[in-house]
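> This is input-v2.txt, which holds compact mmCIF, N, CA and C atoms and all ligand atoms:
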# COMPACT_ATOMS: atom_id res chain seq x y z
N MET A 50 48.38 -317.59 95.05
CA MET A 50 47.59 -316.84 96.03
C MET A 50 46.60 -317.76 96.74
N GLN A 51 46.55 -317.63 98.06
CA GLN A 51 45.62 -318.46 98.82
C GLN A 51 44.19 -317.98 98.61
N GLU A 52 43.26 -318.93 98.58
CA GLU A 52 41.85 -318.60 98.40
C GLU A 52 41.05 -319.37 99.45
N ARG A 53 39.91 -318.80 99.86
CA ARG A 53 39.06 -319.49 100.83
C ARG A 53 37.73 -319.88 100.21
N THR A 54 37.21 -321.01 100.65
CA THR A 54 35.88 -321.43 100.25
C THR A 54 35.12 -321.91 101.47
N PHE A 55 33.81 -322.06 101.30
CA PHE A 55 32.96 -322.49 102.39
C PHE A 55 32.43 -323.89 102.09
N ALA A 56 32.49 -324.76 103.08
CA ALA A 56 32.08 -326.16 102.89
C ALA A 56 31.12 -326.59 103.99
N ILE A 57 30.20 -327.48 103.63
CA ILE A 57 29.29 -328.09 104.62
C ILE A 57 29.28 -329.60 104.44
N VAL A 58 29.36 -330.31 105.58
CA VAL A 58 28.96 -331.73 105.61
C VAL A 58 27.47 -331.69 105.94
N LYS A 59 26.63 -332.09 104.99
CA LYS A 59 25.18 -331.95 105.12
C LYS A 59 24.59 -333.00 106.07
N PRO A 60 23.31 -332.81 106.48
CA PRO A 60 22.71 -333.71 107.48
C PRO A 60 22.74 -335.20 107.10
N ASP A 61 22.58 -335.50 105.81
CA ASP A 61 22.59 -336.93 105.40
C ASP A 61 23.93 -337.57 105.69
N ALA A 62 25.02 -336.88 105.31
CA ALA A 62 26.37 -337.42 105.51
C ALA A 62 26.73 -337.45 106.99
N PHE A 63 26.30 -336.43 107.74
CA PHE A 63 26.57 -336.41 109.18
C PHE A 63 25.88 -337.60 109.85
N ARG A 64 24.59 -337.78 109.51
CA ARG A 64 23.78 -338.87 110.09
C ARG A 64 24.40 -340.23 109.83
N LYS A 65 24.96 -340.40 108.64
CA LYS A 65 25.51 -341.70 108.25
C LYS A 65 26.93 -341.91 108.77
N GLY A 66 27.48 -340.91 109.48
CA GLY A 66 28.80 -341.07 110.09
C GLY A 66 29.97 -340.83 109.15
N TYR A 67 29.77 -340.06 108.09
CA TYR A 67 30.84 -339.83 107.11
C TYR A 67 31.71 -338.61 107.39
N THR A 68 31.41 -337.87 108.45
CA THR A 68 32.11 -336.60 108.69
C THR A 68 33.63 -336.80 108.77
N GLY A 69 34.06 -337.78 109.54
CA GLY A 69 35.50 -338.00 109.72
C GLY A 69 36.20 -338.30 108.41
N GLU A 70 35.57 -339.18 107.62
CA GLU A 70 36.17 -339.55 106.34
C GLU A 70 36.23 -338.36 105.38
N ILE A 71 35.20 -337.53 105.40
CA ILE A 71 35.18 -336.34 104.53
C ILE A 71 36.27 -335.36 104.95
N ILE A 72 36.43 -335.15 106.26
CA ILE A 72 37.49 -334.24 106.72
C ILE A 72 38.87 -334.83 106.38
N GLY A 73 38.99 -336.14 106.45
CA GLY A 73 40.25 -336.79 106.05
C GLY A 73 40.58 -336.52 104.59
N GLU A 74 39.58 -336.63 103.73
CA GLU A 74 39.78 -336.35 102.29
C GLU A 74 40.18 -334.89 102.07
N ILE A 75 39.58 -334.00 102.85
CA ILE A 75 39.88 -332.57 102.74
C ILE A 75 41.35 -332.33 103.10
N ALA A 76 41.81 -332.95 104.18
CA ALA A 76 43.21 -332.80 104.60
C ALA A 76 44.16 -333.40 103.57
N LYS A 77 43.80 -334.59 103.07
CA LYS A 77 44.64 -335.27 102.07
C LYS A 77 44.79 -334.44 100.80
N ALA A 78 43.75 -333.69 100.46
CA ALA A 78 43.77 -332.88 99.24
C ALA A 78 44.52 -331.56 99.44
N GLY A 79 45.02 -331.32 100.64
CA GLY A 79 45.88 -330.15 100.86
C GLY A 79 45.18 -328.89 101.32
N PHE A 80 43.93 -329.01 101.73
CA PHE A 80 43.23 -327.83 102.25
C PHE A 80 43.62 -327.60 103.71
N LYS A 81 43.77 -326.33 104.07
CA LYS A 81 43.89 -325.96 105.48
C LYS A 81 42.48 -325.67 106.00
N VAL A 82 42.13 -326.27 107.14
CA VAL A 82 40.82 -325.98 107.75
C VAL A 82 40.99 -324.75 108.63
N VAL A 83 40.55 -323.60 108.13
CA VAL A 83 40.72 -322.33 108.83
C VAL A 83 39.74 -322.24 110.01
N ALA A 84 38.53 -322.75 109.80
CA ALA A 84 37.51 -322.73 110.86
C ALA A 84 36.59 -323.92 110.65
N ILE A 85 36.04 -324.43 111.75
CA ILE A 85 35.13 -325.58 111.67
C ILE A 85 34.17 -325.54 112.85
N LYS A 86 32.89 -325.81 112.57
CA LYS A 86 31.94 -325.95 113.68
C LYS A 86 30.75 -326.82 113.30
N LYS A 87 30.24 -327.52 114.31
CA LYS A 87 29.02 -328.32 114.15
C LYS A 87 27.85 -327.44 114.59
N ALA A 88 26.73 -327.55 113.88
CA ALA A 88 25.56 -326.76 114.25
C ALA A 88 24.29 -327.46 113.80
N SER A 89 23.19 -327.15 114.49
CA SER A 89 21.86 -327.57 114.02
C SER A 89 21.15 -326.28 113.65
N ILE A 90 20.92 -326.09 112.38
CA ILE A 90 20.41 -324.80 111.91
C ILE A 90 18.89 -324.84 111.77
N SER A 91 18.25 -323.67 111.85
CA SER A 91 16.79 -323.59 111.68
C SER A 91 16.46 -323.52 110.19
N LYS A 92 15.18 -323.75 109.89
CA LYS A 92 14.73 -323.66 108.49
C LYS A 92 14.91 -322.22 108.00
N ALA A 93 14.67 -321.24 108.88
CA ALA A 93 14.82 -319.83 108.49
C ALA A 93 16.29 -319.51 108.19
N GLN A 94 17.20 -320.04 109.01
CA GLN A 94 18.63 -319.83 108.73
C GLN A 94 19.02 -320.48 107.40
N ALA A 95 18.50 -321.67 107.14
CA ALA A 95 18.78 -322.35 105.87
C ALA A 95 18.22 -321.53 104.70
N ALA A 96 17.04 -320.95 104.90
CA ALA A 96 16.42 -320.14 103.83
C ALA A 96 17.26 -318.91 103.52
N GLY A 97 17.83 -318.30 104.54
CA GLY A 97 18.70 -317.13 104.31
C GLY A 97 19.97 -317.53 103.57
N PHE A 98 20.50 -318.67 103.95
CA PHE A 98 21.73 -319.15 103.32
C PHE A 98 21.50 -319.47 101.84
N TYR A 99 20.36 -320.12 101.55
CA TYR A 99 20.07 -320.55 100.18
C TYR A 99 19.13 -319.57 99.47
N ALA A 100 19.14 -318.29 99.88
CA ALA A 100 18.20 -317.29 99.32
C ALA A 100 18.24 -317.22 97.79
N VAL A 101 19.40 -317.49 97.19
CA VAL A 101 19.47 -317.43 95.71
C VAL A 101 18.56 -318.48 95.05
N HIS A 102 18.20 -319.51 95.83
CA HIS A 102 17.35 -320.58 95.27
C HIS A 102 15.88 -320.42 95.66
N LYS A 103 15.51 -319.25 96.20
CA LYS A 103 14.16 -319.13 96.81
C LYS A 103 13.01 -319.35 95.84
N ASP A 104 13.24 -319.17 94.55
CA ASP A 104 12.15 -319.38 93.59
C ASP A 104 12.19 -320.77 92.94
N ARG A 105 13.13 -321.60 93.36
CA ARG A 105 13.24 -322.94 92.75
C ARG A 105 12.21 -323.87 93.40
N PRO A 106 11.73 -324.85 92.64
CA PRO A 106 10.70 -325.75 93.18
C PRO A 106 11.19 -326.58 94.38
N PHE A 107 12.51 -326.77 94.49
CA PHE A 107 13.03 -327.62 95.57
C PHE A 107 13.38 -326.83 96.83
N PHE A 108 13.10 -325.52 96.84
CA PHE A 108 13.55 -324.66 97.96
C PHE A 108 13.01 -325.11 99.32
N ASP A 109 11.70 -325.38 99.39
CA ASP A 109 11.10 -325.76 100.69
C ASP A 109 11.68 -327.08 101.18
N SER A 110 11.79 -328.03 100.29
CA SER A 110 12.34 -329.33 100.65
C SER A 110 13.83 -329.22 101.03
N LEU A 111 14.57 -328.40 100.30
CA LEU A 111 16.00 -328.22 100.59
C LEU A 111 16.21 -327.61 101.98
N THR A 112 15.43 -326.58 102.30
CA THR A 112 15.62 -325.92 103.60
C THR A 112 15.15 -326.83 104.74
N ALA A 113 14.12 -327.65 104.48
CA ALA A 113 13.68 -328.63 105.48
C ALA A 113 14.78 -329.66 105.71
N PHE A 114 15.35 -330.15 104.63
CA PHE A 114 16.45 -331.13 104.74
C PHE A 114 17.65 -330.55 105.49
N MET A 115 18.05 -329.33 105.14
CA MET A 115 19.25 -328.75 105.75
C MET A 115 19.07 -328.48 107.25
N SER A 116 17.81 -328.37 107.69
CA SER A 116 17.55 -328.14 109.11
C SER A 116 17.08 -329.42 109.80
N SER A 117 17.27 -330.56 109.16
CA SER A 117 16.77 -331.83 109.70
C SER A 117 17.72 -332.52 110.67
N GLY A 118 18.91 -331.97 110.84
CA GLY A 118 19.88 -332.60 111.75
C GLY A 118 21.19 -331.84 111.71
N PRO A 119 22.14 -332.23 112.58
CA PRO A 119 23.41 -331.50 112.64
C PRO A 119 24.16 -331.48 111.31
N ILE A 120 24.89 -330.40 111.12
CA ILE A 120 25.79 -330.25 109.97
C ILE A 120 27.16 -329.82 110.50
N VAL A 121 28.18 -329.94 109.66
CA VAL A 121 29.50 -329.41 110.01
C VAL A 121 29.90 -328.41 108.93
N MET A 122 30.20 -327.19 109.38
CA MET A 122 30.55 -326.11 108.46
C MET A 122 32.04 -325.82 108.56
N MET A 123 32.65 -325.55 107.43
CA MET A 123 34.10 -325.30 107.42
C MET A 123 34.47 -324.17 106.47
N VAL A 124 35.54 -323.48 106.83
CA VAL A 124 36.19 -322.56 105.89
C VAL A 124 37.51 -323.23 105.50
N LEU A 125 37.67 -323.48 104.21
CA LEU A 125 38.85 -324.18 103.69
C LEU A 125 39.73 -323.22 102.91
N GLU A 126 41.04 -323.42 103.03
CA GLU A 126 41.97 -322.51 102.35
C GLU A 126 43.06 -323.27 101.62
N LYS A 127 43.35 -322.85 100.42
CA LYS A 127 44.49 -323.30 99.61
C LYS A 127 44.47 -322.47 98.33
N ALA A 128 45.49 -322.61 97.51
CA ALA A 128 45.43 -321.99 96.18
C ALA A 128 44.30 -322.67 95.41
N ASN A 129 43.48 -321.89 94.73
CA ASN A 129 42.40 -322.45 93.91
C ASN A 129 41.36 -323.24 94.72
N ALA A 130 41.12 -322.81 95.95
CA ALA A 130 40.27 -323.58 96.87
C ALA A 130 38.85 -323.80 96.33
N ILE A 131 38.27 -322.78 95.70
CA ILE A 131 36.86 -322.88 95.27
C ILE A 131 36.70 -323.99 94.22
N ALA A 132 37.51 -323.92 93.18
CA ALA A 132 37.42 -324.91 92.11
C ALA A 132 37.86 -326.30 92.60
N ASP A 133 38.91 -326.33 93.40
CA ASP A 133 39.43 -327.64 93.85
C ASP A 133 38.44 -328.34 94.79
N TRP A 134 37.76 -327.58 95.64
CA TRP A 134 36.76 -328.20 96.53
C TRP A 134 35.57 -328.70 95.71
N ARG A 135 35.16 -327.93 94.68
CA ARG A 135 34.06 -328.38 93.83
C ARG A 135 34.44 -329.66 93.08
N LYS A 136 35.71 -329.75 92.69
CA LYS A 136 36.17 -330.95 91.98
C LYS A 136 36.14 -332.16 92.92
N LEU A 137 36.61 -331.96 94.14
CA LEU A 137 36.63 -333.06 95.12
C LEU A 137 35.20 -333.49 95.47
N MET A 138 34.26 -332.54 95.53
CA MET A 138 32.86 -332.89 95.83
C MET A 138 32.24 -333.72 94.70
N GLY A 139 32.50 -333.34 93.45
CA GLY A 139 31.85 -333.98 92.31
C GLY A 139 30.54 -333.28 91.95
N ALA A 140 29.87 -333.78 90.92
CA ALA A 140 28.65 -333.14 90.40
C ALA A 140 27.54 -333.10 91.45
N THR A 141 26.69 -332.05 91.38
CA THR A 141 25.57 -331.88 92.32
C THR A 141 24.73 -333.15 92.40
N ASN A 142 24.41 -333.71 91.24
CA ASN A 142 23.65 -334.96 91.19
C ASN A 142 24.63 -336.14 91.25
N PRO A 143 24.59 -336.94 92.31
CA PRO A 143 25.57 -338.03 92.45
C PRO A 143 25.55 -339.01 91.27
N ALA A 144 24.42 -339.04 90.55
CA ALA A 144 24.34 -339.92 89.38
C ALA A 144 25.34 -339.48 88.31
N ASN A 145 25.71 -338.20 88.33
CA ASN A 145 26.67 -337.67 87.34
C ASN A 145 28.07 -337.47 87.92
N ALA A 146 28.26 -337.82 89.19
CA ALA A 146 29.55 -337.55 89.86
C ALA A 146 30.61 -338.56 89.44
N GLU A 147 31.82 -338.05 89.26
CA GLU A 147 32.93 -338.92 88.85
C GLU A 147 33.37 -339.84 89.97
N GLU A 148 33.94 -340.97 89.57
CA GLU A 148 34.55 -341.93 90.49
C GLU A 148 35.56 -341.21 91.38
N GLY A 149 35.57 -341.52 92.65
CA GLY A 149 36.56 -340.92 93.56
C GLY A 149 36.11 -339.62 94.19
N THR A 150 35.00 -339.04 93.72
CA THR A 150 34.52 -337.80 94.33
C THR A 150 33.67 -338.12 95.57
N LEU A 151 33.54 -337.11 96.43
CA LEU A 151 32.80 -337.31 97.68
C LEU A 151 31.33 -337.63 97.42
N ARG A 152 30.73 -336.95 96.44
CA ARG A 152 29.31 -337.22 96.17
C ARG A 152 29.11 -338.60 95.56
N LYS A 153 30.05 -339.05 94.77
CA LYS A 153 29.95 -340.42 94.24
C LYS A 153 29.96 -341.42 95.40
N LYS A 154 30.84 -341.15 96.37
CA LYS A 154 30.99 -342.09 97.49
C LYS A 154 29.86 -341.98 98.51
N PHE A 155 29.43 -340.76 98.80
CA PHE A 155 28.60 -340.56 100.00
C PHE A 155 27.19 -340.03 99.74
N ALA A 156 26.91 -339.48 98.54
CA ALA A 156 25.61 -338.82 98.33
C ALA A 156 24.54 -339.83 97.92
N GLY A 157 23.30 -339.57 98.37
CA GLY A 157 22.20 -340.46 98.06
C GLY A 157 21.31 -339.96 96.93
N SER A 158 21.24 -338.64 96.77
CA SER A 158 20.34 -338.07 95.76
C SER A 158 20.80 -336.65 95.43
N ILE A 159 20.14 -336.02 94.45
CA ILE A 159 20.54 -334.66 94.07
C ILE A 159 20.32 -333.68 95.23
N GLU A 160 19.33 -333.94 96.08
CA GLU A 160 19.12 -333.05 97.24
C GLU A 160 20.01 -333.48 98.41
N GLU A 161 19.95 -334.74 98.77
CA GLU A 161 20.74 -335.23 99.92
C GLU A 161 22.11 -335.63 99.38
N ASN A 162 22.89 -334.59 99.04
CA ASN A 162 24.12 -334.84 98.28
C ASN A 162 25.41 -334.63 99.09
N ALA A 163 25.29 -334.87 100.39
CA ALA A 163 26.44 -335.05 101.30
C ALA A 163 27.24 -333.80 101.65
N VAL A 164 27.56 -332.98 100.66
CA VAL A 164 28.44 -331.84 100.90
C VAL A 164 27.99 -330.62 100.10
N HIS A 165 28.43 -329.46 100.57
CA HIS A 165 28.17 -328.21 99.85
C HIS A 165 29.49 -327.48 99.66
N GLY A 166 29.58 -326.70 98.59
CA GLY A 166 30.73 -325.84 98.39
C GLY A 166 30.34 -324.59 97.64
N SER A 167 30.99 -323.48 97.94
CA SER A 167 30.73 -322.22 97.24
C SER A 167 31.06 -322.38 95.76
N ASP A 168 30.31 -321.64 94.90
CA ASP A 168 30.56 -321.79 93.46
C ASP A 168 31.36 -320.64 92.84
N ALA A 169 31.66 -319.59 93.61
CA ALA A 169 32.39 -318.44 93.06
C ALA A 169 32.94 -317.60 94.21
N PRO A 170 33.91 -316.72 93.94
CA PRO A 170 34.47 -315.89 95.03
C PRO A 170 33.42 -315.06 95.77
N GLU A 171 32.44 -314.51 95.04
CA GLU A 171 31.41 -313.68 95.70
C GLU A 171 30.54 -314.53 96.61
N THR A 172 30.18 -315.74 96.16
CA THR A 172 29.35 -316.60 97.01
C THR A 172 30.15 -317.10 98.20
N ALA A 173 31.43 -317.38 98.01
CA ALA A 173 32.28 -317.81 99.13
C ALA A 173 32.32 -316.72 100.20
N ALA A 174 32.47 -315.47 99.79
CA ALA A 174 32.53 -314.36 100.75
C ALA A 174 31.20 -314.25 101.51
N PHE A 175 30.08 -314.36 100.78
CA PHE A 175 28.76 -314.29 101.43
C PHE A 175 28.58 -315.46 102.40
N GLU A 176 28.89 -316.66 101.95
CA GLU A 176 28.62 -317.86 102.75
C GLU A 176 29.50 -317.92 104.00
N ILE A 177 30.77 -317.54 103.86
CA ILE A 177 31.67 -317.52 105.03
C ILE A 177 31.16 -316.49 106.04
N GLY A 178 30.80 -315.32 105.55
CA GLY A 178 30.32 -314.25 106.43
C GLY A 178 28.97 -314.55 107.06
N TYR A 179 28.17 -315.39 106.40
CA TYR A 179 26.85 -315.75 106.92
C TYR A 179 26.98 -316.61 108.18
N TRP A 180 27.96 -317.49 108.21
CA TRP A 180 28.07 -318.46 109.31
C TRP A 180 29.22 -318.21 110.28
N PHE A 181 30.23 -317.47 109.86
CA PHE A 181 31.39 -317.27 110.73
C PHE A 181 31.65 -315.79 110.97
N ALA A 182 32.03 -315.48 112.22
CA ALA A 182 32.43 -314.11 112.56
C ALA A 182 33.91 -313.94 112.25
N GLY A 183 34.32 -312.71 112.05
CA GLY A 183 35.71 -312.42 111.70
C GLY A 183 36.71 -313.02 112.69
N TYR A 184 36.39 -312.95 113.98
CA TYR A 184 37.35 -313.45 114.98
C TYR A 184 37.53 -314.97 114.93
N GLU A 185 36.60 -315.68 114.25
CA GLU A 185 36.73 -317.14 114.12
C GLU A 185 37.61 -317.53 112.95
N LEU A 186 38.05 -316.54 112.18
CA LEU A 186 38.76 -316.83 110.93
C LEU A 186 40.22 -316.40 110.95
N ILE A 187 40.74 -316.16 112.13
CA ILE A 187 42.13 -315.70 112.24
C ILE A 187 43.08 -316.87 112.01
P1 LIG A 201 24.25 -327.27 97.02
O1 LIG A 201 25.56 -327.33 96.34
O2 LIG A 201 24.24 -327.17 98.50
O3 LIG A 201 23.39 -326.06 96.42
C1 LIG A 201 22.00 -326.06 96.33
C2 LIG A 201 21.40 -327.36 96.73
O4 LIG A 201 20.09 -327.57 96.29
C3 LIG A 201 22.18 -328.50 96.10
O5 LIG A 201 23.45 -328.61 96.64
C4 LIG A 201 21.24 -329.65 96.34
O6 LIG A 201 21.28 -330.11 97.69
C5 LIG A 201 19.91 -328.96 96.10
N1 LIG A 201 19.44 -329.15 94.73
C6 LIG A 201 19.97 -328.67 93.59
N2 LIG A 201 19.23 -329.04 92.52
C7 LIG A 201 18.21 -329.76 93.02
C8 LIG A 201 17.12 -330.42 92.41
N3 LIG A 201 16.92 -330.40 91.09
N4 LIG A 201 16.26 -331.06 93.22
C9 LIG A 201 16.43 -331.08 94.55
N5 LIG A 201 17.49 -330.46 95.18
C10 LIG A 201 18.34 -329.83 94.42
What is this structure when it is put down as structure tokens?
Ligand code: CMP


Amino acid sequence: MQERTFAIVKPDAFRKGYTGEIIGEIAKAGFKVVAIKKASISKAQAAGFYAVHKDRPFFDSLTAFMSSGPIVMMVLEKANAIADWRKLMGATNPANAEEGTLRKKFAGSIEENAVHGSDAPETAAFEIGYWFAGYELI
């Protein structure tokens, strides 16, 4: 069964010019890019997206970072997309990320960690719906 997940190339990776290489890895891993767009989001939009983290000490810094420059958002599809995208990204903290993962290659710190991915089917549905309209997902 096909599954969809939501992915972001974060401002740090975009700024450093890694977007093309990251999309190449996504294609090589067998994901279909259902939708893709570049955007510069506001701190308020970032706060809505990361609302589950609103009580964490890093929330203000995270939302400032996510609104600090352009990002690329994608909806990815394949069997087991959520788990497979998380595997390709690697651990949240690049210090713990496995060799060959995107965060090992491209992330600078636990906050500026290059890419984002949904962690469960419910979060994928929320995150896709937060940034993409139905007509963009055909
Ligand atoms: P992401 O997968 O986008 O989900 C939440 C984000 O918060 C995470 O990636 C990191 O960018 C950031 N984050 C998570 N834990 C920490 C932390 N301990 N300190 C700073 N930022 C964090």

> Hey, which residues sit close to ligand LIG 201 (chain A)? Say within 6 Å, counting only N, CA and C atoms and all ligand atoms, and write them as number ranges by chain.

A: 107, 111, 141, 159-162, 164-166

> Write out as a ChimeraX atom specification the residues lying within 12 Å of Thr54 of chain A, counting only C-alpha atoms and excluding same-chain residues fewer than 3 positions away.

/A:51,57,80-84,122-135,165-178,186

> For atom N of Leu137 of chain A and atom N of Ile75 of chain A, quote the distance in Å rounded to one decimal.

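These two atoms are separated by 9.4 Å.
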
> Pull the strand (DSSP E) assignments for segment 60-100 of chain A out of DSSP run on the backbone, and list those residues as a list in words.

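Reading the DSSP output for segment 60-100 of chain A, strand (DSSP E) covers Lys81, Val82, Val83, Ala84, Ile85, Lys86, Lys87 and Ala88 of chain A.
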
> How about saving the chosen residues, N, CA and C atoms kept, as a PDB file, in the coordinates of the input?


ATOM      1  N   LYS A  81      43.770-326.330 104.070  1.00  0.00           N
ATOM      2  CA  LYS A  81      43.890-325.960 105.480  1.00  0.00           C
ATOM      3  C   LYS A  81      42.480-325.670 106.000  1.00  0.00           C
ATOM      4  N   VAL A  82      42.130-326.270 107.140  1.00  0.00           N
ATOM      5  CA  VAL A  82      40.820-325.980 107.750  1.00  0.00           C
ATOM      6  C   VAL A  82      40.990-324.750 108.630  1.00  0.00           C
ATOM      7  N   VAL A  83      40.550-323.600 108.130  1.00  0.00           N
ATOM      8  CA  VAL A  83      40.720-322.330 108.830  1.00  0.00           C
ATOM      9  C   VAL A  83      39.740-322.240 110.010  1.00  0.00           C
ATOM     10  N   ALA A  84      38.530-322.750 109.800  1.00  0.00           N
ATOM     11  CA  ALA A  84      37.510-322.730 110.860  1.00  0.00           C
ATOM     12  C   ALA A  84      36.590-323.920 110.650  1.00  0.00           C
ATOM     13  N   ILE A  85      36.040-324.430 111.750  1.00  0.00           N
ATOM     14  CA  ILE A  85      35.130-325.580 111.670  1.00  0.00           C
ATOM     15  C   ILE A  85      34.170-325.540 112.850  1.00  0.00           C
ATOM     16  N   LYS A  86      32.890-325.810 112.570  1.00  0.00           N
ATOM     17  CA  LYS A  86      31.940-325.950 113.680  1.00  0.00           C
ATOM     18  C   LYS A  86      30.750-326.820 113.300  1.00  0.00           C
ATOM     19  N   LYS A  87      30.240-327.520 114.310  1.00  0.00           N
ATOM     20  CA  LYS A  87      29.020-328.320 114.150  1.00  0.00           C
ATOM     21  C   LYS A  87      27.850-327.440 114.590  1.00  0.00           C
ATOM     22  N   ALA A  88      26.730-327.550 113.880  1.00  0.00           N
ATOM     23  CA  ALA A  88      25.560-326.760 114.250  1.00  0.00           C
ATOM     24  C   ALA A  88      24.290-327.460 113.800  1.00  0.00           C
TER      25      ALA A  88
END

> Just list as a PyMOL selection string whatever in chain A DSSP marks as alpha helix (DSSP H).

chain A and resi 60-64+68-77+92-98+108-115+130-138+151-155+170-180
